[in-house]
>>> print(open('query.tsv').read())   # TSV, C-alpha atoms and all ligand atoms
chain	number	residue	atom	x	y	z
A	28	MET	CA	209.15	109.40	61.88
A	29	ARG	CA	207.45	108.04	58.74
A	30	THR	CA	210.01	106.58	56.34
A	31	TYR	CA	209.30	105.95	52.66
A	32	LYS	CA	211.44	103.78	50.41
A	33	ILE	CA	211.79	105.46	47.03
A	34	ALA	CA	213.23	103.76	43.93
A	35	ALA	CA	214.83	106.39	41.65
A	36	ILE	CA	215.29	105.39	38.01
A	37	PRO	CA	216.77	108.46	36.25
A	38	ALA	CA	217.54	106.46	33.03
A	39	ASP	CA	218.41	108.43	29.88
A	40	GLY	CA	219.07	111.88	28.41
A	41	ILE	CA	217.93	114.68	30.73
A	42	GLY	CA	216.39	112.05	33.08
A	43	PRO	CA	219.41	112.06	35.45
A	44	GLU	CA	219.46	115.90	35.46
A	45	VAL	CA	215.81	116.36	36.40
A	46	ILE	CA	215.72	113.44	38.85
A	47	ALA	CA	218.76	114.86	40.70
A	48	ALA	CA	216.86	118.16	40.92
A	49	GLY	CA	213.68	116.41	42.10
A	50	LEU	CA	215.53	114.50	44.81
A	51	GLN	CA	217.23	117.67	46.05
A	52	ALA	CA	213.83	119.35	46.45
A	53	LEU	CA	212.28	116.25	48.05
A	54	GLN	CA	215.04	116.04	50.65
A	55	ALA	CA	214.62	119.77	51.38
A	56	LEU	CA	210.91	119.13	51.92
A	57	ALA	CA	211.56	116.18	54.24
A	58	ARG	CA	213.96	118.31	56.34
A	59	ARG	CA	211.50	121.22	56.40
A	60	ASP	CA	208.61	118.96	57.39
A	61	GLY	CA	210.45	116.96	60.04
A	62	GLY	CA	207.77	114.25	60.14
A	63	PHE	CA	208.94	111.98	57.35
A	64	ALA	CA	212.14	110.73	55.72
A	65	LEU	CA	212.86	109.43	52.23
A	66	GLU	CA	215.18	106.48	51.81
A	67	VAL	CA	216.23	106.67	48.16
A	68	THR	CA	217.83	103.85	46.16
A	69	GLN	CA	219.21	104.72	42.71
A	70	PHE	CA	218.93	102.19	39.87
A	71	ASP	CA	221.19	102.49	36.82
A	72	TRP	CA	218.59	100.98	34.48
A	73	GLY	CA	218.24	102.42	30.99
A	74	SER	CA	219.80	102.51	27.53
A	75	ASP	CA	223.45	102.46	28.69
A	76	ARG	CA	222.72	99.25	30.57
A	77	TYR	CA	221.03	97.88	27.43
A	78	LYS	CA	224.13	98.64	25.37
A	79	ARG	CA	226.33	96.95	27.99
A	80	THR	CA	224.23	93.91	28.84
A	81	GLY	CA	221.41	93.59	26.27
A	82	ALA	CA	218.66	94.46	28.79
A	83	LEU	CA	217.41	97.79	30.11
A	84	MET	CA	216.73	96.31	33.53
A	85	PRO	CA	217.49	92.97	35.20
A	86	GLU	CA	215.08	90.10	34.65
A	87	ASP	CA	213.87	90.39	38.25
A	88	GLY	CA	213.62	94.21	38.00
A	89	THR	CA	209.93	94.53	38.78
A	90	GLU	CA	210.29	91.98	41.60
A	91	THR	CA	212.99	94.23	43.13
A	92	LEU	CA	210.75	97.31	42.83
A	93	LYS	CA	207.94	95.66	44.80
A	94	ALA	CA	209.86	96.43	48.01
A	95	TYR	CA	209.48	100.21	47.44
A	96	ASP	CA	206.71	102.62	48.37
A	97	ALA	CA	207.00	104.59	45.12
A	98	ILE	CA	209.12	104.93	41.99
A	99	LEU	CA	210.51	108.22	40.66
A	100	PHE	CA	211.30	107.84	36.97
A	101	GLY	CA	213.22	110.16	34.62
A	102	ALA	CA	212.94	109.35	30.92
A	103	VAL	CA	213.98	106.50	28.68
A	104	GLY	CA	215.16	106.72	25.07
A	105	ALA	CA	218.51	107.06	23.32
A	106	PRO	CA	219.35	108.19	19.79
A	107	ASP	CA	221.11	104.90	18.99
A	108	VAL	CA	218.52	102.48	20.42
A	109	ALA	CA	215.11	101.90	18.79
A	110	ASP	CA	212.34	103.66	20.75
A	111	HIS	CA	210.07	100.60	20.90
A	112	LEU	CA	212.89	98.64	22.58
A	113	THR	CA	213.49	101.24	25.26
A	114	LEU	CA	209.80	101.83	25.98
A	115	TRP	CA	208.88	98.15	26.10
A	116	GLY	CA	212.14	97.27	27.89
A	117	LEU	CA	211.67	99.53	30.90
A	118	ARG	CA	208.73	101.86	31.31
A	119	LEU	CA	205.86	99.74	30.04
A	120	PRO	CA	206.83	96.55	31.93
A	121	ILE	CA	206.69	98.60	35.14
A	122	CYS	CA	203.36	100.32	34.29
A	123	GLN	CA	201.72	97.13	33.07
A	124	GLY	CA	203.43	94.74	35.53
A	125	PHE	CA	202.20	96.82	38.45
A	126	ASP	CA	198.78	97.41	36.91
A	127	GLN	CA	199.23	101.18	37.18
A	128	TYR	CA	196.08	101.62	35.16
A	129	ALA	CA	195.35	105.26	35.97
A	130	ASN	CA	197.76	107.72	34.42
A	131	VAL	CA	196.99	111.12	35.92
A	132	ARG	CA	198.26	114.24	34.16
A	133	PRO	CA	197.44	117.62	35.71
A	134	THR	CA	198.00	120.73	33.58
A	135	ARG	CA	197.84	124.32	34.77
A	136	ILE	CA	199.42	127.53	33.60
A	137	LEU	CA	201.77	128.38	36.44
A	138	PRO	CA	202.20	132.04	37.43
A	139	GLY	CA	205.10	133.65	35.60
A	140	ILE	CA	205.06	131.15	32.75
A	141	GLN	CA	204.29	132.54	29.31
A	142	ALA	CA	201.68	130.26	27.71
A	143	PRO	CA	201.21	130.39	23.92
A	144	LEU	CA	197.44	131.08	23.74
A	145	ALA	CA	196.54	134.75	23.53
A	146	GLY	CA	194.49	135.95	26.49
A	147	VAL	CA	194.84	132.66	28.38
A	148	GLY	CA	196.70	132.84	31.68
A	149	PRO	CA	196.79	131.18	35.12
A	150	GLY	CA	193.28	130.12	36.11
A	151	ASP	CA	192.03	129.86	32.52
A	152	LEU	CA	193.54	126.45	31.91
A	153	ASP	CA	193.29	124.01	34.79
A	154	TRP	CA	192.85	120.42	33.62
A	155	VAL	CA	193.54	116.88	34.73
A	156	ILE	CA	193.84	114.32	31.97
A	157	VAL	CA	193.19	110.71	33.04
A	158	ARG	CA	194.83	108.33	30.63
A	159	GLU	CA	193.88	104.64	30.50
A	160	ASN	CA	197.29	103.09	31.10
A	161	SER	CA	196.92	99.33	30.87
A	162	GLU	CA	195.30	98.36	27.58
A	163	GLY	CA	193.78	100.08	24.53
A	164	GLU	CA	196.14	100.83	21.68
A	165	TYR	CA	199.24	100.06	23.81
A	166	ALA	CA	198.14	96.60	24.92
A	167	GLY	CA	201.00	95.10	22.94
A	168	MET	CA	198.71	92.85	20.89
A	169	GLY	CA	199.56	92.15	17.28
A	170	GLY	CA	202.44	90.87	15.28
A	171	ARG	CA	204.37	90.78	12.03
A	172	ALA	CA	204.54	88.03	9.46
A	173	HIS	CA	206.42	87.53	6.18
A	174	ARG	CA	209.11	90.00	7.27
A	175	GLY	CA	210.85	91.79	4.41
A	176	LEU	CA	208.69	90.19	1.73
A	177	PRO	CA	206.29	92.21	-0.44
A	178	GLU	CA	203.37	90.54	1.34
A	179	GLU	CA	204.65	91.50	4.80
A	180	VAL	CA	201.84	92.24	7.25
A	181	ALA	CA	201.81	94.00	10.63
A	182	THR	CA	198.88	94.32	13.01
A	183	GLU	CA	198.53	96.52	16.08
A	184	VAL	CA	195.35	95.53	17.86
A	185	ALA	CA	193.67	97.90	20.30
A	186	VAL	CA	192.19	95.97	23.21
A	187	PHE	CA	189.31	97.30	25.29
A	188	THR	CA	187.89	95.19	28.11
A	189	ARG	CA	184.77	95.90	30.12
A	190	ALA	CA	186.83	95.58	33.32
A	191	GLY	CA	189.56	97.93	32.04
A	192	VAL	CA	187.19	100.60	30.72
A	193	SER	CA	184.87	100.47	33.76
A	194	ARG	CA	187.69	100.98	36.25
A	195	ILE	CA	189.23	103.95	34.41
A	196	MET	CA	185.80	105.58	33.94
A	197	ARG	CA	185.06	105.14	37.64
A	198	TYR	CA	188.46	106.63	38.52
A	199	ALA	CA	187.86	109.63	36.23
A	200	PHE	CA	184.32	110.30	37.47
A	201	LYS	CA	185.54	110.09	41.07
A	202	LEU	CA	188.39	112.50	40.35
A	203	ALA	CA	186.02	114.91	38.58
A	204	GLN	CA	183.69	114.69	41.58
A	205	SER	CA	186.55	115.67	43.91
A	206	ARG	CA	187.33	118.85	41.95
A	207	PRO	CA	185.34	122.05	42.47
A	208	ARG	CA	183.72	122.16	39.00
A	209	LYS	CA	182.68	118.46	38.96
A	210	LEU	CA	183.05	118.43	35.19
A	211	LEU	CA	184.24	115.52	33.04
A	212	THR	CA	184.84	115.24	29.31
A	213	VAL	CA	185.00	111.72	27.87
A	214	VAL	CA	187.17	111.63	24.73
A	215	THR	CA	186.21	109.07	22.11
A	216	LYS	CA	186.43	108.15	18.44
A	217	SER	CA	183.31	106.03	18.24
A	218	ASN	CA	182.33	107.38	14.83
A	219	ALA	CA	185.26	105.60	13.14
A	220	GLN	CA	186.12	102.89	15.67
A	221	ARG	CA	182.82	101.14	16.02
A	222	HIS	CA	183.66	98.32	18.44
A	223	GLY	CA	186.02	99.24	21.27
A	224	MET	CA	185.14	102.93	21.27
A	225	VAL	CA	181.39	102.31	21.16
A	226	MET	CA	181.76	100.06	24.22
A	227	TRP	CA	183.89	102.84	25.80
A	228	ASP	CA	181.00	105.31	25.29
A	229	GLU	CA	178.40	102.88	26.62
A	230	ILE	CA	180.42	102.18	29.78
A	231	ALA	CA	180.95	105.93	30.34
A	232	ALA	CA	177.16	106.38	30.28
A	233	GLU	CA	176.65	103.44	32.66
A	234	VAL	CA	179.26	104.64	35.17
A	235	SER	CA	177.92	108.21	35.01
A	236	ALA	CA	174.77	106.97	36.77
A	237	GLU	CA	176.88	106.40	39.91
A	238	PHE	CA	177.95	110.08	39.87
A	239	PRO	CA	174.79	112.16	39.44
A	240	ASP	CA	176.56	115.30	40.67
A	241	VAL	CA	179.19	115.15	37.90
A	242	THR	CA	178.35	116.96	34.66
A	243	TRP	CA	179.87	115.16	31.72
A	244	ASP	CA	180.06	115.36	27.98
A	245	LYS	CA	181.62	113.44	25.11
A	246	MET	CA	184.06	114.71	22.46
A	247	LEU	CA	185.55	113.09	19.39
A	248	VAL	CA	189.32	113.22	19.78
A	249	ASP	CA	189.87	115.32	16.65
A	250	ALA	CA	187.34	117.93	17.79
A	251	MET	CA	188.89	117.80	21.26
A	252	THR	CA	192.17	119.27	19.95
A	253	VAL	CA	190.23	122.27	18.65
A	254	ARG	CA	188.33	122.71	21.91
A	255	MET	CA	191.55	122.58	23.95
A	256	VAL	CA	192.93	125.47	21.92
A	257	LYS	CA	189.75	127.51	21.41
A	258	GLU	CA	187.85	126.96	24.66
A	259	PRO	CA	190.32	125.93	27.37
A	260	ARG	CA	188.04	127.26	30.12
A	261	SER	CA	185.28	124.82	29.13
A	262	LEU	CA	187.37	121.81	30.25
A	263	ASP	CA	188.27	120.43	33.66
A	264	THR	CA	188.74	116.65	34.06
A	265	ILE	CA	189.30	114.65	30.87
A	266	VAL	CA	189.40	110.87	30.34
A	267	ALA	CA	190.81	109.26	27.21
A	268	THR	CA	192.34	106.05	25.91
A	269	ASN	CA	196.02	105.22	26.16
A	270	LEU	CA	196.88	106.64	22.71
A	271	HIS	CA	194.44	109.56	22.64
A	272	ALA	CA	195.51	110.81	26.07
A	273	ASP	CA	199.18	110.34	25.19
A	274	ILE	CA	198.77	112.79	22.31
A	275	LEU	CA	196.35	115.18	24.01
A	276	SER	CA	198.55	115.55	27.07
A	277	ASP	CA	201.55	116.66	25.01
A	278	LEU	CA	199.25	119.31	23.51
A	279	ALA	CA	198.10	120.21	27.03
A	280	GLY	CA	201.73	120.56	28.16
A	281	ALA	CA	202.54	122.82	25.23
A	282	LEU	CA	199.44	124.95	25.90
A	283	ALA	CA	200.58	125.36	29.51
A	284	GLY	CA	203.94	126.66	28.29
A	285	SER	CA	206.25	123.67	27.77
A	286	LEU	CA	206.55	119.91	28.02
A	287	GLY	CA	209.07	120.73	30.73
A	288	VAL	CA	206.29	121.67	33.17
A	289	ALA	CA	204.01	118.65	32.56
A	290	PRO	CA	203.93	115.88	35.21
A	291	THR	CA	202.35	112.44	35.25
A	292	ALA	CA	201.55	109.79	37.83
A	293	ASN	CA	201.13	106.11	36.96
A	294	ILE	CA	198.83	104.99	39.73
A	295	ASP	CA	197.75	101.60	40.99
A	296	PRO	CA	194.63	102.91	42.76
A	297	GLU	CA	194.25	99.68	44.71
A	298	ARG	CA	197.79	100.12	46.10
A	299	ARG	CA	198.80	96.49	45.49
A	300	TYR	CA	202.08	97.68	43.94
A	301	PRO	CA	204.23	100.82	44.02
A	302	SER	CA	203.00	103.63	41.77
A	303	MET	CA	205.40	105.45	39.45
A	304	PHE	CA	205.88	109.21	39.08
A	305	GLU	CA	207.60	110.92	36.15
A	306	PRO	CA	207.70	114.03	34.02
A	307	ILE	CA	205.73	113.57	30.76
A	308	HIS	CA	208.69	114.56	28.62
A	309	GLY	CA	211.25	112.22	27.12
A	310	SER	CA	215.05	112.19	27.06
A	311	ALA	CA	215.30	115.51	25.15
A	312	PHE	CA	218.53	114.71	23.29
A	313	ASP	CA	218.75	118.28	21.98
A	314	ILE	CA	219.38	119.74	25.45
A	315	THR	CA	220.99	116.80	27.30
A	316	GLY	CA	224.07	117.83	29.29
A	317	LYS	CA	223.48	121.57	28.78
A	318	GLY	CA	222.15	122.10	32.29
A	319	ILE	CA	218.97	123.82	31.08
A	320	ALA	CA	216.35	121.07	31.40
A	321	ASN	CA	213.24	122.43	33.08
A	322	PRO	CA	212.89	120.57	36.41
A	323	VAL	CA	209.34	121.84	37.12
A	324	ALA	CA	207.60	118.75	35.69
A	325	THR	CA	209.72	116.60	38.00
A	326	PHE	CA	208.96	118.80	41.04
A	327	TRP	CA	205.26	118.56	40.19
A	328	THR	CA	205.33	114.77	39.82
A	329	ALA	CA	207.28	114.59	43.10
A	330	ALA	CA	204.36	116.51	44.66
A	331	GLN	CA	201.99	113.93	43.16
A	332	MET	CA	204.15	111.23	44.76
A	333	LEU	CA	204.00	112.90	48.19
A	334	GLU	CA	200.23	113.25	47.84
A	335	HIS	CA	199.96	109.54	47.00
A	336	LEU	CA	202.09	108.68	50.05
A	337	GLY	CA	199.75	110.73	52.23
A	338	GLU	CA	202.16	113.65	52.77
A	339	THR	CA	199.67	116.24	51.56
A	340	ALA	CA	201.16	119.18	53.47
A	341	ALA	CA	204.58	118.58	51.90
A	342	ALA	CA	202.97	118.15	48.47
A	343	SER	CA	201.26	121.54	48.76
A	344	ARG	CA	204.46	123.11	50.04
A	345	MET	CA	206.30	121.82	46.97
A	346	MET	CA	203.73	123.35	44.62
A	347	ARG	CA	203.74	126.68	46.46
A	348	ALA	CA	207.55	126.77	46.23
A	349	VAL	CA	207.41	126.00	42.48
A	350	GLU	CA	204.77	128.69	41.89
A	351	ARG	CA	206.73	131.26	43.87
A	352	THR	CA	209.90	130.46	41.93
A	353	CYS	CA	208.18	130.69	38.53
A	354	ALA	CA	206.32	133.86	39.50
A	355	ALA	CA	209.68	135.45	40.44
A	356	GLY	CA	210.90	134.75	36.90
A	357	THR	CA	213.42	132.03	37.78
A	358	VAL	CA	212.61	129.82	34.80
A	359	THR	CA	214.53	127.87	32.17
A	360	PRO	CA	214.85	128.84	28.46
A	361	ASP	CA	211.98	126.58	27.26
A	362	VAL	CA	209.57	128.95	29.02
A	363	GLY	CA	211.39	132.13	28.10
A	364	GLY	CA	213.88	132.44	30.96
A	365	THR	CA	217.63	132.27	31.34
A	366	ALA	CA	217.90	130.18	34.53
A	367	THR	CA	219.66	126.81	34.60
A	368	THR	CA	218.22	123.61	36.04
A	369	GLN	CA	220.35	124.21	39.16
A	370	ASP	CA	219.22	127.87	39.51
A	371	VAL	CA	215.56	126.79	39.49
A	372	THR	CA	216.25	123.91	41.89
A	373	ASP	CA	218.14	126.13	44.33
A	374	ALA	CA	215.34	128.73	44.21
A	375	VAL	CA	212.69	126.08	44.86
A	376	CYS	CA	214.72	124.68	47.79
A	377	ARG	CA	215.11	128.20	49.20
A	378	ALA	CA	211.35	128.72	48.96
A	379	ILE	CA	210.79	125.37	50.68
A	380	ARG	CA	213.19	126.25	53.49
A	381	GLY	CA	212.06	129.84	53.89
A	382	GLU	CA	208.32	129.33	53.84
A	383	ASN	CA	206.77	130.04	57.19
A	384	ILE	CA	203.66	127.86	57.05
B	1	LIG	N1	208.34	108.60	29.41
B	1	LIG	C1	209.41	108.51	28.66
B	1	LIG	O1	210.40	107.95	29.09
B	1	LIG	C2	209.42	109.14	27.30
B	1	LIG	C3	208.40	110.01	26.89
B	1	LIG	C4	208.51	110.61	25.64
B	1	LIG	C5	209.59	110.33	24.82
B	1	LIG	N2	210.54	109.45	25.24
B	1	LIG	C6	211.75	109.20	24.44
B	1	LIG	O2	212.59	110.35	24.52
B	1	LIG	C7	213.31	110.49	23.29
B	1	LIG	C8	213.11	111.89	22.73
B	1	LIG	O3	211.73	112.03	22.40
B	1	LIG	P1	211.07	113.35	21.83
B	1	LIG	O4	212.12	114.24	21.27
B	1	LIG	O5	209.93	112.93	21.00
B	1	LIG	O6	210.40	114.06	23.12
B	1	LIG	P2	211.07	114.89	24.29
B	1	LIG	O7	210.01	115.09	25.32
B	1	LIG	O8	212.30	114.25	24.77
B	1	LIG	O9	211.46	116.31	23.65
B	1	LIG	C9	210.55	117.10	22.89
B	1	LIG	C10	210.99	118.58	22.93
B	1	LIG	O10	210.66	119.12	24.21
B	1	LIG	C11	211.81	119.65	24.85
B	1	LIG	N3	211.78	119.28	26.28
B	1	LIG	C12	211.36	118.10	26.80
B	1	LIG	N4	211.51	118.10	28.12
B	1	LIG	C13	212.04	119.29	28.46
B	1	LIG	C14	212.45	119.89	29.69
B	1	LIG	N5	212.31	119.25	30.87
B	1	LIG	N6	212.96	121.12	29.65
B	1	LIG	C15	213.10	121.80	28.50
B	1	LIG	N7	212.74	121.30	27.30
B	1	LIG	C16	212.21	120.05	27.28
B	1	LIG	C17	213.00	118.96	24.18
B	1	LIG	O11	214.16	119.75	24.29
B	1	LIG	C18	212.49	118.77	22.76
B	1	LIG	O12	212.73	119.93	22.01
B	1	LIG	C19	212.83	109.36	22.39
B	1	LIG	O13	213.75	108.30	22.49
B	1	LIG	C20	211.49	108.96	22.97
B	1	LIG	O14	211.16	107.63	22.73
B	1	LIG	C21	210.48	108.88	26.47
>>> encode(input="query.tsv", output="structure tokens", more="lines below")
Ligand SMILES: NC(=O)c1ccc[n+]([C@@H]2O[C@H](COP(=O)([O-])OP(=O)(O)OC[C@H]3O[C@@H](n4cnc5c(N)ncnc54)[C@H](O)[C@@H]3O)[C@@H](O)[C@H]2O)c1
Amino acid sequence: MRTYKIAAIPADGIGPEVIAAGLQALQALARRDGGFALEVTQFDWGSDRYKRTGALMPEDGTETLKAYDAILFGAVGAPDVADHLTLWGLRLPICQGFDQYANVRPTRILPGIQAPLAGVGPGDLDWVIVRENSEGEYAGMGGRAHRGLPEEVATEVAVFTRAGVSRIMRYAFKLAQSRPRKLLTVVTKSNAQRHGMVMWDEIAAEVSAEFPDVTWDKMLVDAMTVRMVKEPRSLDTIVATNLHADILSDLAGALAGSLGVAPTANIDPERRYPSMFEPIHGSAFDITGKGIANPVATFWTAAQMLEHLGETAAASRMMRAVERTCAAGTVTPDVGGTATTQDVTDAVCRAIRGENI
């Protein structure tokens, strides 16, 4: 029996609701498979802990996580705590501390889910966005001086290194190569940002030489938003900086029906540290506690986690169960249904148990 140690950090808002759903489906998969087990440890890190103790996680938090095979994360953010404190107090120290430099965000229109673009259904929008996850605009470089005075100054410095850009380009080209269309779009803004983004473009061209079978093109990020809406079929794998991909992947989630169906994996491709899996969405204060959070993004990221752990059959089974459930119309209100989080979870678990494959 293969046993995986999973660290669950549900954190804030709807995080605990969707992580509970994800764990229920994962345990159903483990039972159905019979070849692996998940040993889950829950951590109460998040904004409540911050309000109690002044820190979102213990000082040795990342040290503790090193003992795990993977991390399943909910969402962090509370209405009464500043967003930069919660993000930099929990999620980013894990992503950056574990050098999870590839943030992988698949987007597809699932059967049964009403997507907002006219004439665009399942099969017409099938993308993977690769987000640079360790530097760029979220490197944390900069500062503030003369606070509160008229001459106050604040800088936010985007950092691009040859090592950081090369490794994310190589990851994206390799991923594009592994997909049937072998098609990559490199998102840039090198017209206005003439240092970091010009180097980004140059390195993309250099790395492309290692992947002659991958067709690639380059898009300015502003034009990319138009192309995503107008020509979704023309895109397949996409690579972008930390900030650009952050924004584009919310758009991608919305074009696939809802943020509630959009997953993400923070991967350390070299496997030196545990990778972290989470839905793209945040704490969703407006629906917290109502029992209607869409758990599909969490199921999908759980499938990404299983894939990363090498349990590919269970990962595919999870996605088939999700697709069957959505196709049958068991979906939450954000995608036009009336089902609760628990209804969807129970239906997915039934599909997992009942599938005869
Ligand atoms: N990775 C993270 O932990 C993360 C990501 C984004 C935002 N946040 C934080 O979350 C808080 C709220 O941020 P926001 O409102 O900008 O974004 P959000 O993703 O929480 O919510 C945006 C909208 O999408 C809806 N939505 C999101 N997930 C859903 C789901 N699973 N099912 C149904 N509807 C869903 C919400 O109801 C809301 O209307 C902030 O504190 C922010 O900093 C955290």
>>> residues_around(input="query.tsv", residues="Asp126 of chain A", least_positions_apart="6", cutoff="8 Å", atoms="only C-alpha atoms", output="ChimeraX atom specification")
/A:161,295,300
>>> closest_residue(input="query.tsv", among="A:Ala145, A:Val67, A:Val248, A:Ala48", to="ligand LIG 1 (chain B)", atoms="all atoms listed in the file")
A:Ala48
>>> closest_residue(input="query.tsv", among="A:Leu65, A:Leu119, A:Ile379, A:Val186", to="ligand LIG 1 (chain B)", atoms="only C-alpha atoms and all ligand atoms")
A:Leu119
>>> closest_atom_pairs(input="query.tsv", of="chain A", to="ligand LIG 1 (chain B)", cutoff="6 Å", atoms="all atoms listed in the file", output="tab-separated table")
residue	atom	partner	partner_atom	distance
A:Ala102	CA	B:LIG1	O1	3.4
A:Val103	CA	B:LIG1	O1	3.9
A:Gly104	CA	B:LIG1	O13	3.3
A:Ala105	CA	B:LIG1	O13	5.0
A:Asp110	CA	B:LIG1	O14	4.6
A:Leu286	CA	B:LIG1	N4	5.3
A:Gly287	CA	B:LIG1	N5	3.6
A:Ile307	CA	B:LIG1	N1	5.8
A:His308	CA	B:LIG1	O7	3.6
A:Gly309	CA	B:LIG1	O8	3.3
A:Ser310	CA	B:LIG1	O2	4.0
A:Ala311	CA	B:LIG1	O8	3.3
A:Asp313	CA	B:LIG1	O11	5.3
A:Ile314	CA	B:LIG1	O11	5.3
A:Ala320	CA	B:LIG1	N6	3.8
A:Asn321	CA	B:LIG1	N6	3.7
A:Pro322	CA	B:LIG1	N5	5.7
A:Asp361	CA	B:LIG1	C15	5.1
>>> residues_around(input="query.tsv", residues="segment 192-209 of chain A", least_positions_apart="4", cutoff="10 Å", atoms="only C-alpha atoms", output="MDAnalysis selection string")
chainID A and resid 128:131 155:163 187:188 213 223:224 226:235 237:243 262:268 296
>>> axis_aligned_box(input="query.tsv", around="segment 123-138 of chain A", padding_each_side="8 Å", output="JSON")
{"center_x": 199.4, "center_y": 113.4, "center_z": 35.8, "size_x": 24.1, "size_y": 53.3, "size_z": 21.4}
>>> closest_residue(input="query.tsv", among="A:Ala57, A:Leu92, A:Gly40, A:Phe326", to="Asp75 of chain A", atoms="all atoms listed in the file")
A:Gly40
>>> closest_residue(input="query.tsv", among="A:Gly139, A:Pro149, A:Gly364, A:Pro43", to="Pro306 of chain A", atoms="all atoms listed in the file")
A:Pro43
>>> atom_distance(input="query.tsv", atom1="atom CA of Leu211 of chain A", atom2="atom CA of Met246 of chain A")
10.6 Å
>>> closest_residue(input="query.tsv", among="A:Gly169, A:Pro143, A:Pro85, A:Gly175", to="Ala283 of chain A", atoms="all atoms listed in the file")
A:Pro143
>>> atom_distance(input="query.tsv", atom1="atom CA of Thr368 of chain A", atom2="atom CA of Pro120 of chain A")
29.6 Å
>>> atom_distance(input="query.tsv", atom1="atom CA of His173 of chain A", atom2="atom CA of Ala109 of chain A")
21.0 Å
>>> closest_residue(input="query.tsv", among="A:Leu56, A:Ala35, A:Leu99, A:Ala324", to="Ser285 of chain A", atoms="only C-alpha atoms")
A:Ala324
>>> decode(input="query.tsv", residues="segment 296-314 of chain A", atoms="C-alpha atoms", output="PDB file, in the first residue's frame")
ATOM      1  CA  PRO A 296       9.251  20.533 -10.554  1.00  0.00           C
ATOM      2  CA  GLU A 297      12.511  19.318  -9.026  1.00  0.00           C
ATOM      3  CA  ARG A 298      10.553  17.754  -6.129  1.00  0.00           C
ATOM      4  CA  ARG A 299      12.903  19.078  -3.437  1.00  0.00           C
ATOM      5  CA  TYR A 300       9.884  20.234  -1.397  1.00  0.00           C
ATOM      6  CA  PRO A 301       6.173  19.416  -1.206  1.00  0.00           C
ATOM      7  CA  SER A 302       4.052  21.060  -3.897  1.00  0.00           C
ATOM      8  CA  MET A 303       0.832  22.866  -3.004  1.00  0.00           C
ATOM      9  CA  PHE A 304      -2.602  22.415  -4.584  1.00  0.00           C
ATOM     10  CA  GLU A 305      -5.501  24.863  -4.257  1.00  0.00           C
ATOM     11  CA  PRO A 306      -8.545  26.286  -5.969  1.00  0.00           C
ATOM     12  CA  ILE A 307      -7.774  29.630  -7.678  1.00  0.00           C
ATOM     13  CA  HIS A 308     -10.566  31.419  -5.856  1.00  0.00           C
ATOM     14  CA  GLY A 309     -10.276  33.289  -2.588  1.00  0.00           C
ATOM     15  CA  SER A 310     -12.265  33.221   0.646  1.00  0.00           C
ATOM     16  CA  ALA A 311     -15.519  34.382  -1.033  1.00  0.00           C
ATOM     17  CA  PHE A 312     -16.920  36.258   1.974  1.00  0.00           C
ATOM     18  CA  ASP A 313     -20.244  36.779   0.192  1.00  0.00           C
ATOM     19  CA  ILE A 314     -21.101  33.059   0.256  1.00  0.00           C
TER      20      ILE A 314
END
